Amino acid sequence: MNDMTPVQTTIKDWETDQEVRWCPGCGDYAILKAVQRTLPQLGSDPANTVFVSGIGCSSRFPYYMETYGFHTIHGRAPAFVTGIKLANPALDVWMVTGDGDGMSIGGNHTMHILRRNLDVQILLFNNEIYGLTKGQYSPTSRIGTKSPSTPAGSVDRPAQPCAFALGSGARFVARGFDVSKNLPDVLKAAHAHKGAAFVEIFQNCIVYNKDVFNDFAAPKGAEDQQLWLEDGQPMLFAKGTKGLARDVANMTLKVVDVVDGDWQAADVMVHDVKNRALAHMLVELPFGSFPMALGVIYDDPRPAYDAVVAEDLARAREGKTANLAALLAKGQTWTVDGTVQDPV
Amino acid sequence: MNDMTPVQTTIKDWETDQEVRWCPGCGDYAILKAVQRTLPQLGSDPANTVFVSGIGCSSRFPYYMETYGFHTIHGRAPAFVTGIKLANPALDVWMVTGDGDGMSIGGNHTMHILRRNLDVQILLFNNEIYGLTKGQYSPTSRIGTKSPSTPAGSVDRPAQPCAFALGSGARFVARGFDVSKNLPDVLKAAHAHKGAAFVEIFQNCIVYNKDVFNDFAAPKGAEDQQLWLEDGQPMLFAKGTKGLARDVANMTLKVVDVVDGDWQAADVMVHDVKNRALAHMLVELPFGSFPMALGVIYDDPRPAYDAVVAEDLARAREGKTANLAALLAKGQTWTVDGTVQDPV
Amino acid sequence: MASAPNLQPDAAPEAVVVRFAGDSGDGMQLTGGQFTLSTALAGNDLATFPDFPAEIRAPQGTLFGVSAFQINFGSTAIETAGDAPDVLVAMNPAALKVNLAALKPGGLIIADTGEFSKRNLDKAKYETNPLEDGSLAKWDVLAFDISAMTMESVKPFGLGNKEALRCKNMWTLGLALWMFDRSREPIHAWLKQKFAKSPDLAAANIAALDAGHAYGETAELSGPLRQLHVNPVVTEPGLYRTITGAEAISLGLVAGARLAELPMFFGGYPITPASAILHHLARLKEFDVQTFQAEDEIAAICSAIGASYAGQLGVTSSSGPGIALKGEAMGLAIMTELPLVIVNSQRGGPSTGLPTKTEQSDLYQAVYGRNGDAPMPVIAARSPADAFDCAIEACRIAVGYMTPVMLLTDGYIANAAEPWKVPDPASYKPFPAHFLTERNDGDNLLPYARDEKGARPWIKPGTPGLMHRIGGIEKAQGTGHIDYSPANHQAMTDLRKAKIDGIDVPDQEVCLGETSGKLVLVGWGSTFGPIHQAVRRARRKGRDVSHVHVRNIWPLPQNLGPLLKGFENLLVPEMNTGQFKTVLRDQFLVDARPLTKTSGQPFAIAEIEAAIEAYFDSVEGNEGGEVEANDTQLPSPEAINP
Amino acid sequence: MASAPNLQPDAAPEAVVVRFAGDSGDGMQLTGGQFTLSTALAGNDLATFPDFPAEIRAPQGTLFGVSAFQINFGSTAIETAGDAPDVLVAMNPAALKVNLAALKPGGLIIADTGEFSKRNLDKAKYETNPLEDGSLAKWDVLAFDISAMTMESVKPFGLGNKEALRCKNMWTLGLALWMFDRSREPIHAWLKQKFAKSPDLAAANIAALDAGHAYGETAELSGPLRQLHVNPVVTEPGLYRTITGAEAISLGLVAGARLAELPMFFGGYPITPASAILHHLARLKEFDVQTFQAEDEIAAICSAIGASYAGQLGVTSSSGPGIALKGEAMGLAIMTELPLVIVNSQRGGPSTGLPTKTEQSDLYQAVYGRNGDAPMPVIAARSPADAFDCAIEACRIAVGYMTPVMLLTDGYIANAAEPWKVPDPASYKPFPAHFLTERNDGDNLLPYARDEKGARPWIKPGTPGLMHRIGGIEKAQGTGHIDYSPANHQAMTDLRKAKIDGIDVPDQEVCLGETSGKLVLVGWGSTFGPIHQAVRRARRKGRDVSHVHVRNIWPLPQNLGPLLKGFENLLVPEMNTGQFKTVLRDQFLVDARPLTKTSGQPFAIAEIEAAIEAYFDSVEGNEGGEVEANDTQLPSPEAINP
Ligand SMILES: Cc1ncc(C[n+]2csc(CCOP(=O)(O)OP(=O)(O)O)c2C)c(N)n1
Ligand SMILES: Cc1ncc(C[n+]2csc(CCOP(=O)(O)OP(=O)(O)O)c2C)c(N)n1
Ligand code: SF4
Ligand code: SF4
Ligand SMILES: [Mg+2]
Ligand SMILES: [Mg+2]
């Protein structure tokens, strides 16, 4: 996020006149609404907000936001964002990408924007498929995914966006899903974080990868598989009947039963968004034996790249005057009559 | 590694007639020797061995190995390796890259070769600088690195190759340094691992980034800062006077003193190369307050990509005959006299 | 129907263009496909073109949800899907709105009144019902409640409403079959097989089909509906099928690898309209084909080069933006002299451009788009069927000359279908790859020695005793060691150039007309159809005009220069701003004039005809020029995917 | 010294070429730099060229560890670093071995016998000592123990052996200063300042310098050593400095951003020989310059486009392989019509090629190397000094026409140095950028409205009320919304083309000779020097030949076509296989004949002279052809870095 004086807006102010062209029932609609609902609450200024995306169904997002928008090229959004923020750190920049755009062709730029910790909100819509190109499997597709390019099922081991983000040096990692009522809160936390905020949003591609997240993201009935994390709160799920506790021997986590809400008794661990070791464990929890960790998993700010670069520039410029004529005449010069000027 | 019948060779068999052209004193020489010393011990066959590299001082490595060698283009070595191994899984392929080649321009391919878990040994020579292009800072350079492109010192947060590898899904992660006597053992372990084996080798660029690793990799005197890991052995360093123990509250590690070698008393943790949570902690240990974790940090194999692809192909071909004429005539056909052949 | 001459009741028209249009859900592509088969069986030549909706799943009834299928068939050679339709079948208001502009004046509209509800009219942005407000006066309109009649016909099978309505397309097909006097049997057979698992559905669809057919018979007596007979075209006897360009290229690559006696490694990354090739090949693993979906286009081509290095036939495929990313790696393949086939399915540009529109604007990129002096052979397919032979030719050159080869196709060819006389694989001359098995210079190995064709030996890693190193830095002649010396770089640059210049390219033939004369139209790629038809029509009018269509874009055929110099004027129709004309002018110093079109649409025959006329009337336009753009041309497939 | 005419004792030669060669450690570049200054002060025109060792730190005494510096100075305009040296200073056997071949017959060799030890001779692969075995008969040799004499001269300052020997280069410089009758004062001043912190070192170096100078005086009496006076050249009065192409481009970009009243954002990724520009600009932050070292070339250009989108002047820079990677993003800049300057420092290709050799083989890539119809202006610098103005011109076009612009330079220009009359920034006409601040169509915003030049408005994110979306998909005229319609794509393609075609490019001038006649040499880029000198020499012999040097490669000057048609023959010397000639033949249908050279070396004046003679003798070669490659030409910088 960036500092700004709050502006009064309504959801309408964030909608464009462009016909939204996702498939009926696509999870992207829900995410769009969530974002449009969140921005007024953040007091954001449409004129100061920029949505930048790559290419993909998800990446058409900017066309539907009444802000500045740049629909760039496949996988390179982070590089454009970097140029935009370094040129004008005052802008509030949101980046929208997909599992193909951000994790396949764009993986390297995703790594470097996180490593440098540029101040931007990164929303990765993970539908575990290439939607726009009609359903080929993606780097996040599960083994065995049947797709036009893998008619017999895919064999690649899927990438884990949040694990990748942490390994890349991310200082903010969160998860949500398209139809979740908590998504706006996750977006707010991302916006509040100064630096690169990485948010993986599970999104239902109802045409090419229908309901693959239903085990934990079904509109209803899957709540018990959701572990919604809150800083300083015990890691409870299944209506408080289960929790995550320390497996000290292996220095990892285990699921424990919680009787009558007495989580202390069950040694349930309290979530700490600044605990990096814990973050690693949470993003890699094998789903099934464990619930899906959602919400703000990790949030431990470091100076934002655009900020340190700005300081660096200020320092370099301090006390220096930009005399072009002098610059051109720098070094060993002479006049045709043969006397030397400032020999270096 | 790949299965093969051992071949008798000597170090000489692995040296080419090409003049080695690294700067005198460059750490690359030591690594070259270590590799040439190791291969005979592995019983490797030069004719069956391929060294593939990108571009950089480090990437000139293949020219000095009397094997098959491909000096490709900057950052793309993993993609070439993938094509080579998928075309001929019987080849024993080593990939050599640098911190610029593998972590800057090539980061995405590094991620994907690790994610897919192709069977290859990946040696990343990390000298925290762009050597070949005359010393610009690299993604692994420490903050404040003065270089031609950062005269006032760099401001980017450095990438951590091993953390990146784990986040990318690597199943083998190890560390060594150029002049270390243990390097051959690390290389052997990497070769023994079926699947992508990622080895970060700290390398001294004596011209552009001299001795930056001396705190733990100085030819002598820095041994106490080296934590050499061994599976099933306590994590001890400083001649056994110190060790790493569990910090249970934070689920992380802490340094403890070991009195008269009684490490149990000090609760020193035993290293387990299959403990992924531990691996995350070890690769991210803040150096200074902690020693540098070296040796095999993580080694928990999964099926190698080239192997599963081969099975997948075999399955798909099983019982099918490749009748081209029939293939061409597939679908709805007709003869000019107007009778339909096999209507689909 | 006076104004639609070729629909004269009794005259047997030479060619007819029919477009089936409806909602994405209405199964128009299926209808078109089956009508195509029956047309083929009736012995007509034909060309078809699908027109998918822009969105992946557009809301029902919307304008951008319209799906159409156009077929042009006749008693003479057909090479395009036709300019303007004679018959438009509109299953709903949106379909009518979107496709009406293209319809020939006096053409026939068949509409399903059942779908012209207020709601659908609104969705199609119609104020009033066009079927009633007289706005269709200049066309013949045949409007009746197809929905109702379909429901009626399938009642006996007790389908749900939705399922029953789905049979609409078969009813419509039945009517069309009657209109053009076609047999229903093959369709019956096909339906029985398609719905083998649910006989009721099969029966229902057949009933709908028959009902539509019967309606034609009874309705004929009155109204504009007439039965038309299009005579069969005389074609070589043999086994035929329809084929799209994407299929043809995939099969051609498989055949090419076979002829080279090599396994094929295909490294790809999805992109429209190239993905279809990846999809086809992914299903042909038993033909020693391996497909690898890489993380991006760069990894795709690099993996293919790696596979070639390891001894397989490396192939990669993409479209403009993806090909742009492959440029650096192409240079490496040129420097290391490894075989590689690069397929470029061109689409509208620049940048992401118009992913689903067709264009020929990547020719510059193909011939010139690399750093350094990096000569590379380029081949262009003229039609879906031709793509098969072009793919084989690309493999032959790649393997025979140890070089990457670019094969150009485009969105039109990729999606268009035409009848294809199924070839006998045995009729192609094999070009087996040779691998070096021992040192080629006494005790020395010379990885950069050259054979009579100028090609270096192909050496498989794993071969005992032949260890060597290659890479992208300039190599010494023979040894292939790094060599920066001036004389060597000069020599290697010359050798690389000479190898490509010397490729044995078949002599250029004139596909229509004399070998010299007043005017020649020089085309390449998918403009073949419209150019050929236009030249044919002009020649019928007695114009001294010929058609030359170039397949080998680089190197050009030896005889092309002299041939072109035999004509007073050269006109080069291209779907770009004039790229091939640059190559011709540079190589032969001939005054090749561009006739350009960059609307994302194939040329209409009439447009090229007009340019020829303009030349002979020698009015403005004689010097070629640019085609008038209009929105009523043959649309290209509309799947939006960039 | 009969055979080296311009070294005749008494005659004042018009030009002299001196090469200082030694081990990397011997400080030859420093020596050369200071000799250059004294030459400039003596009022000679000059051109210099450094020749670094191939390796970053080659072992001492090895052949590939040799570092050299060549200077060509004279009393007439000097435009190249000279073909073959008249004087070779060889500080060790390796230096002699590597550079001997280039030396003019009868030229003078100055060698330090102190370094001709058995060990060093072995390292240089000399069986016997060339100074003694008579193998240098065809040259004049002046061999004496410079090492010893240096040690002697610095004894008083009690330096360590190593440090003392380091003064060798100053001793040598002193001798050279004497030889060409130069004042020592400036060097004294420079040394005092350089070693301000350690007066002893300063004194020692000065002592060595003076000793070398004194040696010349005393030794003159006998032997081949003679003092030579080269007359000053008449040049405009004013303030001068020497400048390399890399410096000039950096300064030109700074000046250009200034004139556009914009901050500059430079997104780069290291690559030889382009890195120097990144390095220079990284030190100019106070001039509102921001440099960003991206993770790769794609991120570099994309970040620069992002910065332009945000309202700064985006600049990116690379060499062949890196430029290849930027192709896709260039397309986006063209489609979104954002200003951008792309600098390509060309090197030998294809692929990684010869990173440290110079070549002009990326012209095809610059003009044609993108997918789709993607027109982009291209400008080429002819010399280090010219690069300054070219960079400004690139900025002017980029900002004025809202377009990416490619600026071509090469390894020769980047590293070569020449005197430069320091310009007055105020003498350049500003071209301030304009940003839209309110809606430009009543209540509507039209991001793709166009001004009289065809440029769209530049709109900064953050501007209230002007929110809009842009991207790489075809845009509707005016609104910039996504638009796939045929008429719009046709129109937009035409608009993009017309905008570039319409750029106001200055008329082409003839830089030497008549505006019509028998023969014209048409050059571009760094071939200016040799072409110019060759044409001058030929004209002296009375040949009817002119020199036209094109800066605006695309679009070409309006008058260029007519101008070239005024000559009977066109010869296009290029350091590639004939790329610019393609553009000329295509655009003007003129019979431009290529004179190609692809050895990674600049043209020697003599080579072009020979081609001109060949034409006038009308023997074979009249039609141009290719320069004989040989290894004894002016070397290009040898830092290996790909
Ligand atoms: C350089 C390039 N390569 C490939 C494509 C084709 N393409 C467009 S979107 C896409 C993948 C989209 O997947 P994802 O990012 O997951 O987005 P989704 O459609 O699933 O939301 C691909 C391969 C392209 N437009 N440009
Ligand atoms: C496409 C491309 N971009 C840039 C370069 C220039 N380049 C060559 S090596 C290199 C970085 C080398 O750094 P690293 O990988 O750390 O290798 P090192 O020299 O330090 O061993 C760069 C930027 C290139 N050759 N190709
Ligand atoms: S294809 Fe999938 S992701 Fe794309 S719009 Fe349709 S449902 Fe959404
Ligand atoms: S520059 Fe550095 S890394 Fe490269 S060879 Fe020299 S010392 Fe080694
Ligand atoms: Mg996706
Ligand atoms: Mg490095």
# chains A, B, ... in the order shown; residues from 1 in each chain; ligands from 1
call {"tool": "residues_near_ligand", "arguments": {"ligand": "ligand 3", "cutoff": "7 Å", "atoms": "only C-alpha atoms and all ligand atoms", "output": "JSON, numbers by chain"}}
result
{"A": [22, 23, 25, 26, 27, 28, 57, 58, 127, 131, 132, 134, 204, 205, 206, 207, 208], "C": [56, 57]}
call {"tool": "write_last_selection", "arguments": {"atoms": "C-alpha atoms", "output": "short mmCIF file (atom, residue, chain, number, x, y, z; two decimals), in the first residue's frame"}}
result
data_model
loop_
_atom_site.label_atom_id
_atom_site.label_comp_id
_atom_site.auth_asym_id
_atom_site.auth_seq_id
_atom_site.Cartn_x
_atom_site.Cartn_y
_atom_site.Cartn_z
CA TRP A 22 -15.88 -13.86 -18.13
CA CYS A 23 -17.86 -17.07 -18.41
CA GLY A 25 -20.33 -18.46 -13.01
CA CYS A 26 -16.59 -17.80 -13.20
CA GLY A 27 -14.96 -17.19 -9.83
CA ASP A 28 -13.42 -14.02 -11.21
CA CYS A 57 -8.74 -14.47 -18.02
CA SER A 58 -7.66 -13.15 -14.62
CA ASN A 127 -7.53 -21.79 -10.79
CA GLY A 131 -8.32 -20.60 -18.68
CA LEU A 132 -7.91 -18.15 -21.50
CA LYS A 134 -8.91 -23.12 -23.26
CA ASN A 204 -13.06 -21.58 -9.66
CA CYS A 205 -12.70 -21.96 -13.43
CA ILE A 206 -16.09 -23.51 -13.92
CA VAL A 207 -15.43 -24.32 -17.56
CA TYR A 208 -12.02 -25.99 -17.54
CA ILE C 56 -15.00 -18.87 -23.82
CA ARG C 57 -18.55 -19.19 -22.50
#
call {"tool": "residues_near_ligand", "arguments": {"ligand": "ligand 2", "cutoff": "8 Å", "atoms": "only C-alpha atoms and all ligand atoms", "output": "count of residues only"}}
result
45
call {"tool": "select_by_dssp", "arguments": {"residues": "region 20-197 of chain B", "states": "alpha helix (DSSP H)", "output": "number ranges by chain"}}
result
B: 27-42, 77-87, 99-100, 107-116, 161-167, 183-192
call {"tool": "select_by_dssp", "arguments": {"residues": "region 179-274 of chain B", "states": "strand (DSSP E or B)", "output": "list of chain:residue names"}}
result
B:Ala196, B:Ala197, B:Phe198, B:Val199, B:Glu200, B:Ile201, B:Phe202, B:Gln226, B:Leu227, B:Trp228, B:Leu229, B:Pro234, B:Leu236, B:Phe237, B:Lys242, B:Gly243, B:Leu244, B:Ala245, B:Arg246, B:Asp247, B:Thr252, B:Leu253, B:Lys254, B:Val255, B:Val256, B:Asp257, B:Val268, B:Val270
call {"tool": "write_last_selection", "arguments": {"atoms": "N, CA, C and O atoms", "output": "mmCIF file, in the first residue's frame"}}
result
data_model
loop_
_atom_site.group_PDB
_atom_site.id
_atom_site.type_symbol
_atom_site.label_atom_id
_atom_site.label_comp_id
_atom_site.auth_asym_id
_atom_site.auth_seq_id
_atom_site.Cartn_x
_atom_site.Cartn_y
_atom_site.Cartn_z
ATOM 1 N N ALA B 196 16.202 -34.000 -9.193
ATOM 2 C CA ALA B 196 16.980 -32.766 -9.279
ATOM 3 C C ALA B 196 17.731 -32.525 -7.974
ATOM 4 O O ALA B 196 17.124 -32.431 -6.912
ATOM 5 N N ALA B 197 19.065 -32.483 -8.058
ATOM 6 C CA ALA B 197 19.889 -32.244 -6.871
ATOM 7 C C ALA B 197 20.497 -30.848 -6.983
ATOM 8 O O ALA B 197 21.283 -30.584 -7.891
ATOM 9 N N PHE B 198 20.086 -29.970 -6.067
ATOM 10 C CA PHE B 198 20.527 -28.579 -6.121
ATOM 11 C C PHE B 198 21.692 -28.353 -5.164
ATOM 12 O O PHE B 198 21.557 -28.567 -3.959
ATOM 13 N N VAL B 199 22.836 -27.928 -5.708
ATOM 14 C CA VAL B 199 24.015 -27.696 -4.888
ATOM 15 C C VAL B 199 24.487 -26.259 -5.062
ATOM 16 O O VAL B 199 24.843 -25.845 -6.167
ATOM 17 N N GLU B 200 24.439 -25.498 -3.973
ATOM 18 C CA GLU B 200 24.978 -24.139 -4.020
ATOM 19 C C GLU B 200 26.445 -24.204 -3.599
ATOM 20 O O GLU B 200 26.761 -24.718 -2.522
ATOM 21 N N ILE B 201 27.319 -23.723 -4.475
ATOM 22 C CA ILE B 201 28.752 -23.738 -4.164
ATOM 23 C C ILE B 201 29.244 -22.298 -4.058
ATOM 24 O O ILE B 201 29.229 -21.556 -5.049
ATOM 25 N N PHE B 202 29.602 -21.888 -2.836
ATOM 26 C CA PHE B 202 30.138 -20.543 -2.668
ATOM 27 C C PHE B 202 31.488 -20.478 -3.359
ATOM 28 O O PHE B 202 32.337 -21.347 -3.154
ATOM 29 N N GLN B 226 31.558 -23.150 10.385
ATOM 30 C CA GLN B 226 30.979 -24.117 9.451
ATOM 31 C C GLN B 226 30.196 -25.182 10.202
ATOM 32 O O GLN B 226 30.726 -25.837 11.084
ATOM 33 N N LEU B 227 28.923 -25.323 9.845
ATOM 34 C CA LEU B 227 28.113 -26.404 10.408
ATOM 35 C C LEU B 227 27.968 -27.470 9.325
ATOM 36 O O LEU B 227 27.170 -27.319 8.396
ATOM 37 N N TRP B 228 28.809 -28.507 9.418
ATOM 38 C CA TRP B 228 28.732 -29.576 8.413
ATOM 39 C C TRP B 228 27.685 -30.576 8.842
ATOM 40 O O TRP B 228 27.821 -31.211 9.882
ATOM 41 N N LEU B 229 26.645 -30.694 8.053
ATOM 42 C CA LEU B 229 25.511 -31.538 8.428
ATOM 43 C C LEU B 229 25.719 -32.986 7.986
ATOM 44 O O LEU B 229 26.255 -33.240 6.903
ATOM 45 N N PRO B 234 24.253 -35.408 15.355
ATOM 46 C CA PRO B 234 23.890 -34.147 16.020
ATOM 47 C C PRO B 234 24.448 -32.952 15.242
ATOM 48 O O PRO B 234 25.510 -33.045 14.639
ATOM 49 N N LEU B 236 26.398 -30.292 15.305
ATOM 50 C CA LEU B 236 27.459 -29.678 16.104
ATOM 51 C C LEU B 236 28.387 -28.867 15.226
ATOM 52 O O LEU B 236 28.555 -29.152 14.032
ATOM 53 N N PHE B 237 28.985 -27.833 15.813
ATOM 54 C CA PHE B 237 30.026 -27.083 15.108
ATOM 55 C C PHE B 237 31.014 -26.528 16.125
ATOM 56 O O PHE B 237 30.919 -26.824 17.325
ATOM 57 N N LYS B 242 29.747 -26.327 20.223
ATOM 58 C CA LYS B 242 28.443 -25.684 20.040
ATOM 59 C C LYS B 242 27.545 -26.585 19.200
ATOM 60 O O LYS B 242 28.026 -27.433 18.438
ATOM 61 N N GLY B 243 26.239 -26.372 19.355
ATOM 62 C CA GLY B 243 25.307 -27.142 18.561
ATOM 63 C C GLY B 243 24.002 -26.395 18.365
ATOM 64 O O GLY B 243 23.782 -25.323 18.939
ATOM 65 N N LEU B 244 23.147 -26.949 17.522
ATOM 66 C CA LEU B 244 21.836 -26.347 17.303
ATOM 67 C C LEU B 244 20.784 -27.176 18.044
ATOM 68 O O LEU B 244 20.739 -28.399 17.911
ATOM 69 N N ALA B 245 19.952 -26.470 18.795
ATOM 70 C CA ALA B 245 18.898 -27.142 19.547
ATOM 71 C C ALA B 245 17.554 -26.530 19.194
ATOM 72 O O ALA B 245 17.478 -25.476 18.567
ATOM 73 N N ARG B 246 16.484 -27.191 19.595
ATOM 74 C CA ARG B 246 15.136 -26.705 19.301
ATOM 75 C C ARG B 246 14.815 -25.484 20.151
ATOM 76 O O ARG B 246 15.065 -25.485 21.355
ATOM 77 N N ASP B 247 14.250 -24.471 19.514
ATOM 78 C CA ASP B 247 13.629 -23.366 20.258
ATOM 79 C C ASP B 247 12.139 -23.652 20.137
ATOM 80 O O ASP B 247 11.487 -23.245 19.171
ATOM 81 N N THR B 252 11.698 -22.961 16.199
ATOM 82 C CA THR B 252 12.856 -22.725 15.333
ATOM 83 C C THR B 252 14.104 -23.221 16.060
ATOM 84 O O THR B 252 13.990 -24.028 16.994
ATOM 85 N N LEU B 253 15.282 -22.797 15.625
ATOM 86 C CA LEU B 253 16.509 -23.326 16.186
ATOM 87 C C LEU B 253 17.255 -22.275 17.002
ATOM 88 O O LEU B 253 17.101 -21.082 16.800
ATOM 89 N N LYS B 254 18.075 -22.773 17.932
ATOM 90 C CA LYS B 254 18.917 -21.854 18.701
ATOM 91 C C LYS B 254 20.291 -22.503 18.879
ATOM 92 O O LYS B 254 20.437 -23.713 18.764
ATOM 93 N N VAL B 255 21.295 -21.669 19.113
ATOM 94 C CA VAL B 255 22.658 -22.154 19.340
ATOM 95 C C VAL B 255 22.835 -22.464 20.823
ATOM 96 O O VAL B 255 22.435 -21.678 21.675
ATOM 97 N N VAL B 256 23.374 -23.630 21.111
ATOM 98 C CA VAL B 256 23.645 -23.969 22.516
ATOM 99 C C VAL B 256 25.107 -24.377 22.670
ATOM 100 O O VAL B 256 25.740 -24.820 21.718
ATOM 101 N N ASP B 257 25.614 -24.184 23.856
ATOM 102 C CA ASP B 257 26.988 -24.621 24.151
ATOM 103 C C ASP B 257 26.958 -26.089 24.529
ATOM 104 O O ASP B 257 26.044 -26.563 25.205
ATOM 105 N N VAL B 268 21.047 -30.956 21.826
ATOM 106 C CA VAL B 268 21.358 -30.690 20.410
ATOM 107 C C VAL B 268 20.510 -31.605 19.535
ATOM 108 O O VAL B 268 20.355 -32.795 19.823
ATOM 109 N N VAL B 270 19.341 -33.775 16.326
ATOM 110 C CA VAL B 270 19.991 -34.657 15.360
ATOM 111 C C VAL B 270 19.486 -34.295 13.963
ATOM 112 O O VAL B 270 18.289 -34.094 13.759
#
call {"tool": "closest_residue", "arguments": {"among": "A:His193, A:Val186, A:Asp45, A:Thr9", "to": "Ala304 (chain A)", "atoms": "only C-alpha atoms"}}
result
A:His193
call {"tool": "residues_around", "arguments": {"residues": "Pro350 (chain D)", "least_positions_apart": "3", "cutoff": "8 Å", "atoms": "only C-alpha atoms", "output": "list in words"}}
result
Gly331, Leu332, Ile334, Met335, Arg370, Asn371, Gly372, Asp373, Ala374 and Gly472 of chain C; Gly353 of chain D
call {"tool": "closest_residue", "arguments": {"among": "A:Gln233, A:Ser147, A:Asn214, A:Thr321", "to": "chain D", "atoms": "only C-alpha atoms"}}
result
A:Thr321
call {"tool": "interface_residues", "arguments": {"of": "chain B", "to": "chain A", "cutoff": "8 Å", "atoms": "only C-alpha atoms", "output": "PyMOL selection string"}}
result
chain B and resi 104-108+111+115-117+152+155-160+163-169+246+248+250-252+275+277-278+280-281+305+308-309+312+316
call {"tool": "closest_residue", "arguments": {"among": "D:Pro461, D:Gly320, D:Pro375, D:Pro555", "to": "chain C", "atoms": "only C-alpha atoms"}}
result
D:Gly320
call {"tool": "residues_around", "arguments": {"residues": "His481 (chain C)", "least_positions_apart": "5", "cutoff": "8 Å", "atoms": "only C-alpha atoms", "output": "ChimeraX atom specification"}}
result
/C:469-470,475-476
call {"tool": "interface_residues", "arguments": {"of": "chain D", "to": "chain A", "cutoff": "7 Å", "atoms": "only C-alpha atoms", "output": "number ranges by chain"}}
result
D: 41-43, 190, 193, 237-241, 285-287, 299, 302-307, 310, 312, 422, 424-425, 461-465, 467-472
call {"tool": "atom_distance", "arguments": {"atom1": "CA of Ala124 (chain D)", "atom2": "CA of Leu96 (chain D)"}}
result
8.8 Å
call {"tool": "atom_distance", "arguments": {"atom1": "CA of Asn182 (chain B)", "atom2": "CA of Ala293 (chain B)"}}
result
13.0 Å
call {"tool": "atom_distance", "arguments": {"atom1": "CA of Ala276 (chain D)", "atom2": "CA of Phe431 (chain D)"}}
result
26.9 Å
call {"tool": "closest_residue", "arguments": {"among": "C:Thr577, C:Ser75, C:Asn569, C:Ser135", "to": "chain D", "atoms": "only C-alpha atoms"}}
result
C:Thr577
